[in-house]
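File shown: work-v3.txt (compact mmCIF, C-alpha atoms and all ligand atoms).
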```
# COMPACT_ATOMS: atom_id res chain seq x y z
CA MET Q 66 -50.97 21.81 -22.83
CA ARG Q 67 -51.31 25.29 -24.26
CA VAL Q 68 -49.03 26.75 -26.95
CA ALA Q 69 -48.61 30.45 -27.70
CA GLY Q 70 -46.46 32.94 -29.52
CA SER Q 71 -44.28 32.99 -32.54
CA VAL Q 72 -41.29 30.75 -33.33
CA ARG Q 73 -38.86 32.02 -35.94
CA VAL Q 74 -37.08 28.87 -37.12
CA PRO Q 75 -33.51 29.09 -38.49
CA GLY Q 76 -32.69 29.29 -42.18
CA ASP Q 77 -33.35 26.39 -44.51
CA LYS Q 78 -30.50 23.87 -44.48
CA SER Q 79 -30.80 22.79 -48.12
CA ILE Q 80 -30.86 26.38 -49.34
CA SER Q 81 -28.00 27.40 -47.03
CA HIS Q 82 -25.69 24.68 -48.42
CA ARG Q 83 -26.56 25.67 -51.97
CA ALA Q 84 -26.21 29.40 -51.29
CA LEU Q 85 -22.58 28.85 -50.25
CA LEU Q 86 -21.75 26.43 -53.07
CA LEU Q 87 -23.31 28.66 -55.76
CA ALA Q 88 -21.68 31.78 -54.30
CA ALA Q 89 -18.32 29.97 -54.58
CA LEU Q 90 -19.00 29.09 -58.25
CA GLY Q 91 -20.30 32.59 -58.98
CA ASP Q 92 -18.74 35.38 -61.00
CA GLY Q 93 -18.35 38.12 -58.39
CA ARG Q 94 -19.44 38.78 -54.82
CA SER Q 95 -22.57 37.21 -53.29
CA ARG Q 96 -24.13 38.17 -49.99
CA VAL Q 97 -26.21 35.60 -48.10
CA THR Q 98 -28.37 36.75 -45.21
CA ARG Q 99 -30.12 34.58 -42.60
CA ILE Q 100 -27.99 31.56 -43.52
CA LEU Q 101 -28.37 28.62 -41.15
CA ASP Q 102 -25.39 28.45 -38.81
CA SER Q 103 -25.46 24.75 -37.95
CA ALA Q 104 -22.92 21.93 -37.95
CA ASP Q 105 -23.95 20.70 -41.42
CA VAL Q 106 -23.68 24.11 -43.08
CA ARG Q 107 -20.36 24.68 -41.31
CA SER Q 108 -19.17 21.50 -43.01
CA THR Q 109 -19.98 23.01 -46.41
CA ALA Q 110 -18.22 26.25 -45.45
CA GLY Q 111 -15.21 24.20 -44.33
CA VAL Q 112 -14.86 22.17 -47.53
CA LEU Q 113 -15.09 25.35 -49.61
CA ARG Q 114 -12.39 27.00 -47.49
CA ALA Q 115 -10.19 23.94 -48.03
CA MET Q 116 -10.54 24.56 -51.79
CA GLY Q 117 -9.49 28.19 -51.63
CA VAL Q 118 -12.82 29.98 -51.19
CA ALA Q 119 -12.71 32.69 -48.51
CA VAL Q 120 -15.92 31.85 -46.63
CA PRO Q 121 -16.18 33.94 -43.44
CA ALA Q 122 -17.50 32.56 -40.16
CA LEU Q 123 -21.23 31.98 -40.59
CA GLY Q 124 -23.38 34.78 -39.22
CA PRO Q 125 -26.41 36.89 -40.11
CA ASP Q 126 -24.62 38.30 -43.17
CA VAL Q 127 -22.09 36.19 -45.13
CA VAL Q 128 -20.21 37.64 -48.11
CA VAL Q 129 -18.41 35.26 -50.49
CA GLU Q 130 -16.13 36.26 -53.36
CA GLY Q 131 -16.94 33.80 -56.17
CA ARG Q 132 -14.21 31.89 -57.98
CA GLY Q 133 -16.13 31.06 -61.16
CA VAL Q 134 -17.26 27.56 -62.14
CA ARG Q 135 -13.77 26.01 -62.31
CA GLY Q 136 -11.86 28.32 -60.01
CA LEU Q 137 -11.47 26.10 -56.95
CA THR Q 138 -7.97 25.06 -55.88
CA ALA Q 139 -6.70 21.59 -54.98
CA PRO Q 140 -7.27 21.00 -51.26
CA SER Q 141 -4.19 20.46 -49.12
CA SER Q 142 -6.26 18.42 -46.64
CA ASP Q 143 -9.24 16.04 -46.67
CA LEU Q 144 -12.70 17.51 -47.22
CA ASP Q 145 -14.33 16.85 -43.85
CA CYS Q 146 -18.09 16.65 -44.43
CA GLY Q 147 -18.89 15.82 -40.79
CA ASN Q 148 -22.44 14.44 -40.58
CA SER Q 149 -23.69 16.02 -43.83
CA GLY Q 150 -24.80 13.97 -46.81
CA THR Q 151 -25.72 17.12 -48.73
CA THR Q 152 -22.23 18.59 -48.31
CA THR Q 153 -20.62 15.37 -49.54
CA ARG Q 154 -22.77 14.68 -52.55
CA LEU Q 155 -23.15 18.22 -53.90
CA THR Q 156 -19.46 18.98 -53.41
CA ALA Q 157 -18.53 15.69 -55.12
CA GLY Q 158 -20.36 16.95 -58.21
CA ILE Q 159 -18.43 20.22 -58.20
CA VAL Q 160 -15.05 18.53 -57.58
CA ALA Q 161 -15.68 16.11 -60.48
CA ALA Q 162 -15.31 19.08 -62.85
CA GLN Q 163 -12.15 20.54 -61.28
CA PRO Q 164 -8.62 19.66 -62.46
CA PHE Q 165 -7.67 17.96 -59.17
CA ALA Q 166 -8.58 15.17 -56.77
CA ALA Q 167 -10.14 15.55 -53.33
CA ARG Q 168 -10.64 13.00 -50.56
CA PHE Q 169 -14.00 13.16 -48.74
CA VAL Q 170 -14.25 12.01 -45.12
CA GLY Q 171 -17.04 12.18 -42.55
CA ASP Q 172 -18.22 11.00 -39.16
CA ALA Q 173 -19.28 7.41 -38.37
CA SER Q 174 -22.87 7.99 -39.56
CA LEU Q 175 -21.87 9.60 -42.87
CA SER Q 176 -19.25 6.88 -43.43
CA ARG Q 177 -22.06 4.29 -43.48
CA ARG Q 178 -24.14 6.14 -46.10
CA PRO Q 179 -24.19 5.19 -49.81
CA MET Q 180 -22.07 7.26 -52.19
CA ALA Q 181 -22.24 5.07 -55.32
CA ARG Q 182 -25.48 6.85 -56.23
CA VAL Q 183 -23.42 9.98 -57.00
CA ALA Q 184 -20.20 8.23 -57.99
CA ARG Q 185 -21.85 6.28 -60.83
CA PRO Q 186 -23.23 9.26 -62.76
CA LEU Q 187 -20.04 11.26 -62.14
CA GLU Q 188 -18.01 8.33 -63.49
CA ALA Q 189 -20.33 8.19 -66.49
CA MET Q 190 -19.42 11.85 -67.12
CA GLY Q 191 -15.70 10.98 -67.02
CA ALA Q 192 -14.61 11.52 -63.40
CA ARG Q 193 -12.87 8.76 -61.44
CA VAL Q 194 -13.97 7.79 -57.95
CA THR Q 195 -11.95 5.58 -55.60
CA TYR Q 196 -12.57 4.36 -52.07
CA ASP Q 197 -10.10 3.72 -49.22
CA GLY Q 198 -12.15 0.72 -48.02
CA ASP Q 199 -15.67 -0.50 -48.79
CA ALA Q 200 -16.84 0.45 -52.28
CA GLY Q 201 -19.44 3.19 -52.21
CA ARG Q 202 -18.53 4.41 -48.70
CA LEU Q 203 -16.37 7.23 -47.36
CA PRO Q 204 -13.47 7.85 -47.34
CA MET Q 205 -13.91 8.49 -51.06
CA THR Q 206 -11.63 10.32 -53.48
CA VAL Q 207 -13.11 12.12 -56.46
CA HIS Q 208 -10.55 12.61 -59.25
CA GLY Q 209 -11.86 15.48 -61.37
CA GLY Q 210 -11.29 15.77 -65.06
CA ALA Q 211 -12.70 16.80 -68.41
CA LEU Q 212 -16.34 15.78 -68.22
CA GLN Q 213 -18.78 14.95 -70.99
CA ASP Q 214 -22.54 15.43 -71.41
CA LEU Q 215 -24.85 13.13 -69.49
CA ASP Q 216 -28.48 12.02 -69.68
CA TRP Q 217 -29.11 10.14 -66.42
CA THR Q 218 -32.13 8.35 -65.03
CA SER Q 219 -31.84 8.18 -61.26
CA GLU Q 220 -33.24 5.15 -59.40
CA THR Q 221 -34.02 7.21 -56.33
CA SER Q 222 -35.89 10.48 -55.99
CA SER Q 223 -32.89 12.18 -54.43
CA ALA Q 224 -32.25 15.90 -54.65
CA GLN Q 225 -28.65 15.26 -53.64
CA VAL Q 226 -28.06 12.96 -56.63
CA LYS Q 227 -29.89 15.31 -58.98
CA SER Q 228 -27.96 18.31 -57.66
CA ALA Q 229 -24.57 16.55 -57.83
CA ILE Q 230 -25.11 15.83 -61.53
CA VAL Q 231 -26.47 19.29 -62.29
CA LEU Q 232 -23.61 21.01 -60.44
CA ALA Q 233 -21.05 18.79 -62.20
CA GLY Q 234 -22.60 19.81 -65.53
CA VAL Q 235 -22.57 23.51 -64.63
CA ALA Q 236 -19.01 23.42 -63.29
CA ALA Q 237 -17.75 21.46 -66.32
CA GLY Q 238 -19.69 23.56 -68.83
CA VAL Q 239 -21.37 20.47 -70.31
CA GLU Q 240 -25.02 19.61 -70.91
CA VAL Q 241 -26.88 17.39 -68.44
CA THR Q 242 -30.35 15.93 -68.12
CA VAL Q 243 -31.47 14.16 -64.94
CA ARG Q 244 -34.70 12.18 -64.61
CA GLU Q 245 -36.07 10.89 -61.31
CA PRO Q 246 -39.02 8.64 -60.32
CA HIS Q 247 -40.75 11.33 -58.24
CA ARG Q 248 -39.96 15.01 -58.00
CA SER Q 249 -37.44 15.74 -55.24
CA ARG Q 250 -36.78 19.18 -53.74
CA ASP Q 251 -35.93 21.65 -56.50
CA HIS Q 252 -33.84 24.33 -54.76
CA THR Q 253 -30.80 23.74 -56.99
CA GLU Q 254 -32.90 24.32 -60.12
CA ARG Q 255 -34.54 27.46 -58.71
CA MET Q 256 -31.31 28.91 -57.38
CA LEU Q 257 -29.39 28.30 -60.61
CA ALA Q 258 -32.21 29.91 -62.62
CA ALA Q 259 -32.09 32.94 -60.30
CA ARG Q 260 -28.33 33.14 -61.06
CA GLY Q 261 -28.83 33.27 -64.81
CA VAL Q 262 -28.55 29.58 -65.77
CA ASP Q 263 -31.10 28.39 -68.37
CA VAL Q 264 -32.51 25.49 -66.39
CA TRP Q 265 -35.42 23.62 -67.94
CA VAL Q 266 -37.71 21.56 -65.75
CA HIS Q 267 -40.25 19.28 -67.37
CA ASP Q 268 -42.29 17.00 -65.15
CA ARG Q 269 -39.64 14.90 -63.33
CA ALA Q 270 -36.70 15.85 -65.54
CA VAL Q 271 -34.19 18.70 -65.33
CA HIS Q 272 -32.00 19.97 -68.15
CA VAL Q 273 -29.06 22.36 -67.99
CA PRO Q 274 -27.36 23.47 -71.24
CA ALA Q 275 -23.64 23.51 -71.93
CA GLY Q 276 -21.58 26.59 -71.16
CA ALA Q 277 -23.50 27.83 -68.11
CA ARG Q 278 -22.02 30.58 -65.93
CA VAL Q 279 -23.28 31.35 -62.45
CA ALA Q 280 -23.98 35.02 -61.72
CA ALA Q 281 -23.32 36.41 -58.26
CA LEU Q 282 -26.52 37.17 -56.32
CA ASP Q 283 -27.51 38.62 -52.95
CA THR Q 284 -30.14 36.45 -51.25
CA ALA Q 285 -31.90 35.85 -47.97
CA VAL Q 286 -32.46 32.28 -46.79
CA PRO Q 287 -36.08 31.54 -45.79
CA GLY Q 288 -36.93 29.55 -42.64
CA ASP Q 289 -36.55 25.78 -42.82
CA PRO Q 290 -39.89 23.93 -43.21
CA SER Q 291 -38.21 20.79 -41.84
CA SER Q 292 -37.44 22.71 -38.62
CA ALA Q 293 -40.86 24.44 -38.59
CA ALA Q 294 -42.44 20.98 -38.80
CA PHE Q 295 -41.57 20.25 -35.14
CA PHE Q 296 -43.53 23.31 -34.03
CA ALA Q 297 -46.41 22.60 -36.39
CA ALA Q 298 -46.58 19.16 -34.74
CA LEU Q 299 -46.35 20.61 -31.23
CA GLY Q 300 -49.15 23.08 -32.01
CA ALA Q 301 -51.32 20.37 -33.54
CA LEU Q 302 -50.85 18.14 -30.47
CA ALA Q 303 -51.59 20.96 -28.00
CA SER Q 304 -55.03 20.98 -26.40
CA GLU Q 305 -55.31 24.75 -26.81
CA GLY Q 306 -53.58 27.84 -28.18
CA GLU Q 307 -51.96 28.88 -31.41
CA LEU Q 308 -48.38 29.02 -32.74
CA ARG Q 309 -47.19 31.29 -35.53
CA LEU Q 310 -44.15 30.29 -37.60
CA PRO Q 311 -43.07 33.28 -39.70
CA ASP Q 312 -40.95 33.32 -42.88
CA VAL Q 313 -41.06 29.59 -43.58
CA CYS Q 314 -40.10 28.31 -47.04
CA LEU Q 315 -43.29 26.89 -48.59
CA ASN Q 316 -41.75 25.43 -51.73
CA PRO Q 317 -44.25 22.71 -52.75
CA THR Q 318 -41.46 20.10 -52.92
CA ARG Q 319 -41.02 20.64 -49.15
CA THR Q 320 -44.52 21.06 -47.71
CA GLY Q 321 -45.67 17.43 -47.63
CA PHE Q 322 -45.61 17.26 -43.82
CA PHE Q 323 -47.91 20.28 -43.41
CA PHE Q 324 -50.28 18.74 -45.95
CA ALA Q 325 -50.30 15.38 -44.14
CA LEU Q 326 -50.85 17.07 -40.77
CA ALA Q 327 -53.83 19.00 -42.18
CA ARG Q 328 -55.21 15.74 -43.58
CA MET Q 329 -54.91 14.16 -40.14
CA GLY Q 330 -57.27 16.86 -38.86
CA ALA Q 331 -54.93 19.61 -37.65
CA ARG Q 332 -55.92 23.23 -38.25
CA LEU Q 333 -53.10 24.78 -40.30
CA THR Q 334 -53.29 28.01 -42.26
CA VAL Q 335 -50.80 30.27 -44.05
CA ASP Q 336 -50.65 34.05 -43.62
CA ASP Q 337 -48.64 36.61 -45.51
CA GLU Q 338 -47.79 34.25 -48.39
CA ARG Q 339 -45.33 35.77 -50.86
CA GLN Q 340 -42.42 35.06 -53.23
CA GLU Q 341 -38.92 35.84 -51.97
CA GLY Q 342 -35.76 35.05 -53.93
CA GLY Q 343 -37.53 32.50 -56.13
CA GLU Q 344 -39.15 30.64 -53.22
CA ASP Q 345 -42.69 30.72 -51.79
CA VAL Q 346 -42.53 31.99 -48.22
CA GLY Q 347 -45.21 32.55 -45.59
CA THR Q 348 -46.28 32.36 -41.94
CA VAL Q 349 -47.57 28.95 -40.95
CA VAL Q 350 -50.26 29.20 -38.25
CA VAL Q 351 -51.23 26.10 -36.30
CA GLU Q 352 -54.06 25.84 -33.78
CA GLY Q 353 -54.33 23.20 -31.08
CA GLY Q 354 -57.40 21.42 -29.81
CA ARG Q 355 -58.28 19.26 -32.83
CA ALA Q 356 -58.59 15.47 -32.73
CA LEU Q 357 -56.15 13.82 -35.15
CA ARG Q 358 -56.70 10.65 -37.16
CA GLY Q 359 -54.24 8.34 -38.94
CA THR Q 360 -53.24 8.75 -42.58
CA THR Q 361 -51.32 7.00 -45.36
CA VAL Q 362 -48.22 8.42 -47.04
CA GLU Q 363 -46.74 6.82 -50.14
CA GLY Q 364 -45.55 7.51 -53.69
CA GLU Q 365 -44.82 11.04 -54.77
CA GLU Q 366 -45.64 12.45 -51.34
CA VAL Q 367 -42.64 10.72 -49.76
CA PRO Q 368 -39.84 13.01 -51.08
CA SER Q 369 -41.85 16.10 -50.09
CA MET Q 370 -41.59 15.13 -46.41
CA ILE Q 371 -38.68 12.70 -46.38
CA ASP Q 372 -36.94 14.29 -43.37
CA GLU Q 373 -40.23 14.78 -41.50
CA LEU Q 374 -41.29 11.10 -41.54
CA PRO Q 375 -39.83 10.31 -38.08
CA LEU Q 376 -41.86 13.25 -36.75
CA LEU Q 377 -44.97 12.06 -38.59
CA ALA Q 378 -44.55 8.70 -36.82
CA CYS Q 379 -44.51 10.49 -33.46
CA VAL Q 380 -47.61 12.55 -34.29
CA ALA Q 381 -49.31 9.37 -35.52
CA ALA Q 382 -48.87 7.80 -32.08
CA CYS Q 383 -51.19 10.55 -30.73
CA ALA Q 384 -53.78 10.22 -33.52
CA GLU Q 385 -56.68 7.76 -33.59
CA GLY Q 386 -56.09 4.76 -35.86
CA GLU Q 387 -53.38 3.53 -38.16
CA THR Q 388 -50.82 5.61 -39.99
CA ILE Q 389 -49.03 3.80 -42.80
CA VAL Q 390 -45.87 5.03 -44.57
CA ARG Q 391 -44.69 3.06 -47.61
CA GLY Q 392 -42.23 3.66 -50.44
CA ALA Q 393 -39.78 5.30 -48.03
CA SER Q 394 -36.87 2.84 -47.99
CA GLU Q 395 -34.58 5.90 -48.37
CA LEU Q 396 -35.15 6.40 -44.64
CA ARG Q 397 -32.84 3.45 -44.04
CA VAL Q 398 -29.82 5.35 -45.43
CA LYS Q 399 -30.15 8.69 -43.63
CA GLU Q 400 -28.15 9.73 -40.53
CA SER Q 401 -29.51 6.51 -38.98
CA ASP Q 402 -31.77 3.75 -40.27
CA ARG Q 403 -34.76 5.95 -39.51
CA ILE Q 404 -37.27 3.10 -39.96
CA THR Q 405 -35.74 0.83 -37.34
CA ALA Q 406 -34.72 3.74 -35.12
CA VAL Q 407 -38.14 5.40 -35.00
CA VAL Q 408 -40.09 2.16 -34.50
CA THR Q 409 -37.70 1.04 -31.73
CA ALA Q 410 -37.93 4.43 -30.04
CA LEU Q 411 -41.73 4.57 -30.30
CA ARG Q 412 -41.96 1.19 -28.60
CA ALA Q 413 -39.47 2.31 -25.96
CA VAL Q 414 -41.76 5.20 -24.95
CA GLY Q 415 -44.92 3.08 -24.92
CA ALA Q 416 -46.37 3.50 -28.43
CA GLU Q 417 -47.27 0.71 -30.84
CA ALA Q 418 -45.53 0.57 -34.20
CA GLU Q 419 -44.02 -1.92 -36.60
CA GLU Q 420 -41.50 -1.84 -39.40
CA LEU Q 421 -42.23 -2.42 -43.05
CA PRO Q 422 -39.32 -3.02 -45.45
CA ASP Q 423 -39.94 0.43 -46.94
CA GLY Q 424 -41.72 2.27 -44.14
CA PHE Q 425 -43.70 1.68 -40.97
CA VAL Q 426 -47.15 1.38 -39.42
CA VAL Q 427 -48.04 3.30 -36.26
CA TYR Q 428 -51.11 2.25 -34.28
CA GLY Q 429 -52.32 5.52 -32.78
CA ARG Q 430 -54.31 5.57 -29.55
CA GLY Q 431 -55.17 9.26 -29.30
CA PRO Q 432 -53.71 11.98 -27.07
CA ARG Q 433 -51.63 10.54 -24.24
CA ALA Q 434 -48.36 10.71 -22.35
CA PHE Q 435 -45.17 8.80 -23.22
CA ALA Q 436 -42.29 7.64 -21.06
CA GLY Q 437 -38.99 5.90 -21.72
CA ASN Q 438 -35.47 6.26 -23.07
CA VAL Q 439 -34.86 7.10 -26.73
CA VAL Q 440 -31.70 6.01 -28.55
CA THR Q 441 -31.17 8.61 -31.28
CA HIS Q 442 -28.04 7.14 -32.93
CA ALA Q 443 -26.89 10.81 -32.94
CA ASP Q 444 -29.66 11.54 -35.45
CA HIS Q 445 -30.92 15.12 -35.08
CA ARG Q 446 -34.35 14.43 -36.59
CA LEU Q 447 -34.96 11.57 -34.12
CA ALA Q 448 -33.90 13.74 -31.17
CA MET Q 449 -36.27 16.57 -32.11
CA ALA Q 450 -39.23 14.33 -33.03
CA PHE Q 451 -39.07 12.63 -29.61
CA GLY Q 452 -38.45 16.01 -28.00
CA VAL Q 453 -41.95 16.94 -29.18
CA LEU Q 454 -43.46 13.79 -27.64
CA GLY Q 455 -41.51 14.49 -24.46
CA ALA Q 456 -43.07 17.97 -24.25
CA LEU Q 457 -46.61 16.57 -24.00
CA PRO Q 458 -48.25 16.81 -20.55
CA GLY Q 459 -47.30 13.91 -18.29
CA SER Q 460 -44.62 12.62 -20.67
CA ASP Q 461 -41.18 11.63 -19.41
CA VAL Q 462 -39.00 10.97 -22.45
CA ALA Q 463 -35.19 10.93 -22.14
CA VAL Q 464 -33.33 11.53 -25.41
CA ASP Q 465 -29.78 10.09 -25.20
CA ASP Q 466 -28.02 12.78 -27.27
CA PRO Q 467 -29.88 16.10 -27.11
CA ALA Q 468 -26.86 18.03 -28.48
CA CYS Q 469 -27.09 16.32 -31.89
CA VAL Q 470 -29.83 18.82 -32.84
CA ASP Q 471 -26.95 21.23 -33.63
CA VAL Q 472 -26.63 19.52 -37.03
CA SER Q 473 -29.71 21.38 -38.29
CA PHE Q 474 -31.32 23.42 -35.47
CA PRO Q 475 -29.08 24.88 -32.75
CA GLY Q 476 -31.36 26.37 -30.09
CA PHE Q 477 -34.11 23.79 -30.66
CA TRP Q 478 -34.60 22.88 -26.99
CA ARG Q 479 -34.92 26.51 -25.89
CA ALA Q 480 -37.38 27.21 -28.71
CA LEU Q 481 -39.41 24.13 -27.72
CA ALA Q 482 -39.64 25.20 -24.08
CA GLY Q 483 -40.52 28.75 -25.16
CA ALA Q 484 -43.46 27.64 -27.32
CA ILE Q 485 -45.34 26.13 -24.38
CA ALA Q 486 -47.41 28.74 -22.53
O1 LIG P 1 -30.69 18.04 -51.28
C1 LIG P 1 -30.87 18.26 -50.07
O2 LIG P 1 -30.60 19.35 -49.54
C2 LIG P 1 -31.43 17.17 -49.25
C3 LIG P 1 -32.05 16.11 -49.87
C4 LIG P 1 -32.63 14.95 -49.15
O3 LIG P 1 -31.73 13.87 -49.26
P1 LIG P 1 -31.74 12.87 -50.53
O4 LIG P 1 -31.36 13.62 -51.73
O5 LIG P 1 -30.72 11.82 -50.18
O6 LIG P 1 -33.12 12.31 -50.60
C5 LIG P 1 -32.85 15.27 -47.67
O7 LIG P 1 -33.10 14.08 -46.97
C6 LIG P 1 -31.67 15.98 -47.06
O8 LIG P 1 -31.95 16.32 -45.73
C7 LIG P 1 -31.36 17.27 -47.78
C1 LIG P 2 -30.85 13.61 -44.26
C2 LIG P 2 -30.49 14.80 -43.79
O1 LIG P 2 -29.37 15.53 -44.18
P1 LIG P 2 -28.09 15.08 -45.01
O2 LIG P 2 -28.50 14.03 -46.01
O3 LIG P 2 -27.58 16.32 -45.65
O4 LIG P 2 -27.09 14.53 -44.03
C3 LIG P 2 -31.35 15.49 -42.80
O5 LIG P 2 -31.03 16.65 -42.48
O6 LIG P 2 -32.34 14.93 -42.29
```
Write out the structure in this file as C-alpha cells.
Ligand SMILES: O=C(O)C1=C[C@@H](OP(=O)(O)O)[C@@H](O)[C@H](O)C1
Ligand SMILES: C=C(OP(=O)(O)O)C(=O)O
Amino acid sequence: MRVAGSVRVPGDKSISHRALLLAALGDGRSRVTRILDSADVRSTAGVLRAMGVAVPALGPDVVVEGRGVRGLTAPSSDLDCGNSGTTTRLTAGIVAAQPFAARFVGDASLSRRPMARVARPLEAMGARVTYDGDAGRLPMTVHGGALQDLDWTSETSSAQVKSAIVLAGVAAGVEVTVREPHRSRDHTERMLAARGVDVWVHDRAVHVPAGARVAALDTAVPGDPSSAAFFAALGALASEGELRLPDVCLNPTRTGFFFALARMGARLTVDDERQEGGEDVGTVVVEGGRALRGTTVEGEEVPSMIDELPLLACVAACAEGETIVRGASELRVKESDRITAVVTALRAVGAEAEELPDGFVVYGRGPRAFAGNVVTHADHRLAMAFGVLGALPGSDVAVDDPACVDVSFPGFWRALAGAIA
C-alpha cells in the first residue's frame, strides 16, 4: 500500500469545547475559527444555548458574546450532553458556581460513565449534586451555589476533573489548587492564561487565584492530534509513500502516540513547527516502509495518548513482538470499555491480544491482512482504529457503526480513502 498527499484533520476537540465554554464566560465578544464541528462539540454548543448563551451554528468562524463568569441563566430544559464526557464534566464545574440547578442527561454510553469524580470536588466546594437513579451516573442534577476555596488531590490523571474544578473556581471567583498523579492535557490552563487569568502550574499541580475574570479572545483551533494519529498510523503501516498532516496541535501533553510510534520504528518528523494561540503547532510528516517493533506504554505516558491507545493496539498487531500497555484502567470508563472492546475486536479480525486489568498485551506478527467483524459499541475511536486496519492491503474488516466517527471526526472515511494512493 502506498500513501500520498496531505490530510488536514479537523480542529482539536478538547480545545473546541474549551473555546466555546471560555467564550461564554468571557467579558466581551470572542471569535473562534476552525472550531471542530462534530457531535461532541455540538453538545457543548447546545448546553450553552440552553443557559442563555447565543452560540451560532458551528462553522469556520463562530462569534460568541460572553456573559461573564456568572452570567449564565437557569436552563428551561435538561442539558443534553449526548456522547460527550468533556461537555458534561466541564459544564458541571461551571454550573456549580451559578445561582441555579441544571439536570445533565446523555446517551446510553455517557449514562454509564462515572460522574462522582467531578461531583465529589464540586460538593467539597459547596455545590450539591443529586442523581435520578444510580449514584454517580447521569441523569445528574448540579445545584449551584456560593462556593468556597478548594485544594484537591485527584485520584486519576483526568483533564476533565482538573478542568471542572478549575472552571468552578474561576466561575465562582474562589481560589483552587488541583493536584494529579500524572500530568493530564493542559489546554484549560493554557487557554485561561491566554485570557488573562493568573494560572500557576507547578509540576503536577495547578493553581488559580480568587477573583479571576476571563477576557474575550479571538483564536484559531489547531488540528486534533488524536485525529491526526489515525493518519500517522496509516502512513507508518504503508509499505511506501509519505503523508503530511499540517497544522496539528503538538502540545506535549498530547503527543504521546507520535512518540510511541517513533519508538516502534516509524519515521516521523515535524515541519514548520511554531507557536499559535499558546499551543505548539506543526506539520507531522510520516513515511511508510519501516519495520515496526513492539513497545511498552505505562505511567506518565498514558495520559498523553489516552484516546490513542485503541489505535496503538491496532498498530501493535502489525509490529513484530509484544506491545504492553499498563496503568490505563481509565480506558474502561470511556465511550466503551476500551480494554475489552479493543481486545475482543482484535481477536475478531485475526490478531492475538489479551486483557490486563489496567491495559492489554498485543502479540504482533508483522505486516499482514485482517478480516472479520468489529463491534464498536458506538465508540468513535474504535471505529477509526479498525478503519485503519481495514485499509491495509488484503484486509476485509467490517465496522458495525461507521457513522459513530461523527462524534469527533466527520469526514473520516473519505479522508482515509483519499490518503491511499
Ligand atoms: O479534557 C478533555 O478534553 C479530555 C480528557 C480526557 O478524558 P479524561 O479527563 O477523563 O481522562 C480524554 O480522554 C477526552 O477525550 C478529552
Ligand atoms: C473519551 C473521549 O471523549 P469524552 O470523554 O469527551 O466523551 C474521546 O473522545 O475519546
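Between ligand LIG 2 (chain P) and the candidates Q:Asp465, Q:Asp471, Q:Asp143, Q:Asp105, the tightest atom-to-atom separation, counting only C-alpha atoms and all ligand atoms, involves Q:Asp105.
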> Which distance in Å separates atom CA of Q:Thr284 and atom CA of Q:Val97, to one decimal?
Replying inline: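 Distance between the two atoms: 5.1 Å.
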>> Counting all atoms listed in the file, which residues have an atom no more than 8 Å from (-33.6, 17.6, -31.3) in the file's coordinates? Please list them as a PyMOL selection string.
In response: chain Q and resi 445-452+467-471+474+477-478
Do you have, as a tab-separated table, the list of residues of chain Q lying at most 8 Å from ligand LIG 2 (chain P), each with its nearest atom pair and that distance in Å to one decimal, counting only C-alpha atoms and all ligand atoms and ordered by chain then number?
```
residue	atom	partner	partner_atom	distance
Q:Lys78	CA	P:LIG2	O5	7.5
Q:Ser79	CA	P:LIG2	O3	7.6
Q:Asp105	CA	P:LIG2	O3	7.1
Q:Asn148	CA	P:LIG2	O4	5.8
Q:Ser149	CA	P:LIG2	O4	3.7
Q:Gly150	CA	P:LIG2	O4	3.6
Q:Thr151	CA	P:LIG2	O3	3.7
Q:Thr152	CA	P:LIG2	O3	6.4
Q:Leu175	CA	P:LIG2	O4	7.3
Q:Gln225	CA	P:LIG2	O2	7.7
Q:Ile371	CA	P:LIG2	O6	7.9
Q:Asp372	CA	P:LIG2	O6	4.8
Q:Glu373	CA	P:LIG2	O6	7.9
Q:Lys399	CA	P:LIG2	C1	5.0
Q:Glu400	CA	P:LIG2	C1	6.0
Q:His445	CA	P:LIG2	O6	7.4
Q:Arg446	CA	P:LIG2	O6	6.1
Q:Val472	CA	P:LIG2	O5	7.6
Q:Ser473	CA	P:LIG2	O5	6.5
```
Create the file for the chosen residues now, containing C-alpha atoms and written as a compact mmCIF listing (two decimals), in the coordinates of the input.
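This went into result-v6.txt:
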```txt
# COMPACT_ATOMS: atom_id res chain seq x y z
CA LYS Q 78 -30.50 23.87 -44.48
CA SER Q 79 -30.80 22.79 -48.12
CA ASP Q 105 -23.95 20.70 -41.42
CA ASN Q 148 -22.44 14.44 -40.58
CA SER Q 149 -23.69 16.02 -43.83
CA GLY Q 150 -24.80 13.97 -46.81
CA THR Q 151 -25.72 17.12 -48.73
CA THR Q 152 -22.23 18.59 -48.31
CA LEU Q 175 -21.87 9.60 -42.87
CA GLN Q 225 -28.65 15.26 -53.64
CA ILE Q 371 -38.68 12.70 -46.38
CA ASP Q 372 -36.94 14.29 -43.37
CA GLU Q 373 -40.23 14.78 -41.50
CA LYS Q 399 -30.15 8.69 -43.63
CA GLU Q 400 -28.15 9.73 -40.53
CA HIS Q 445 -30.92 15.12 -35.08
CA ARG Q 446 -34.35 14.43 -36.59
CA VAL Q 472 -26.63 19.52 -37.03
CA SER Q 473 -29.71 21.38 -38.29
```
> Which value, in Å to one decimal, gives the distance between atom CA of Q:Leu315 and atom CA of Q:Arg255?
Replying inline: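 Atom-to-atom, atom CA of Q:Leu315 to atom CA of Q:Arg255, that is 13.4 Å.
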>> Using all atoms listed in the file for the distances, tell me which of Q:Val231, Q:Gly343, Q:Ser222, Q:Arg107 is nearest to Q:Gly392.
In response: Q:Ser222
Expected axis-aligned box over every listed atom of ligand LIG 1 (chain P), 6 Å added per side, centre plus edges in Å to one decimal, as lines of an AutoDock Vina configuration file:
```
center_x = -31.9
center_y = 15.6
center_z = -48.7
size_x = 14.5
size_y = 19.5
size_z = 18.0
```
> With distances taken over all atoms listed in the file, which of Q:Val226, Q:Ala181, Q:Ala463, Q:Leu87 is nearest to ligand LIG 1 (chain P)?
Replying inline: Q:Val226
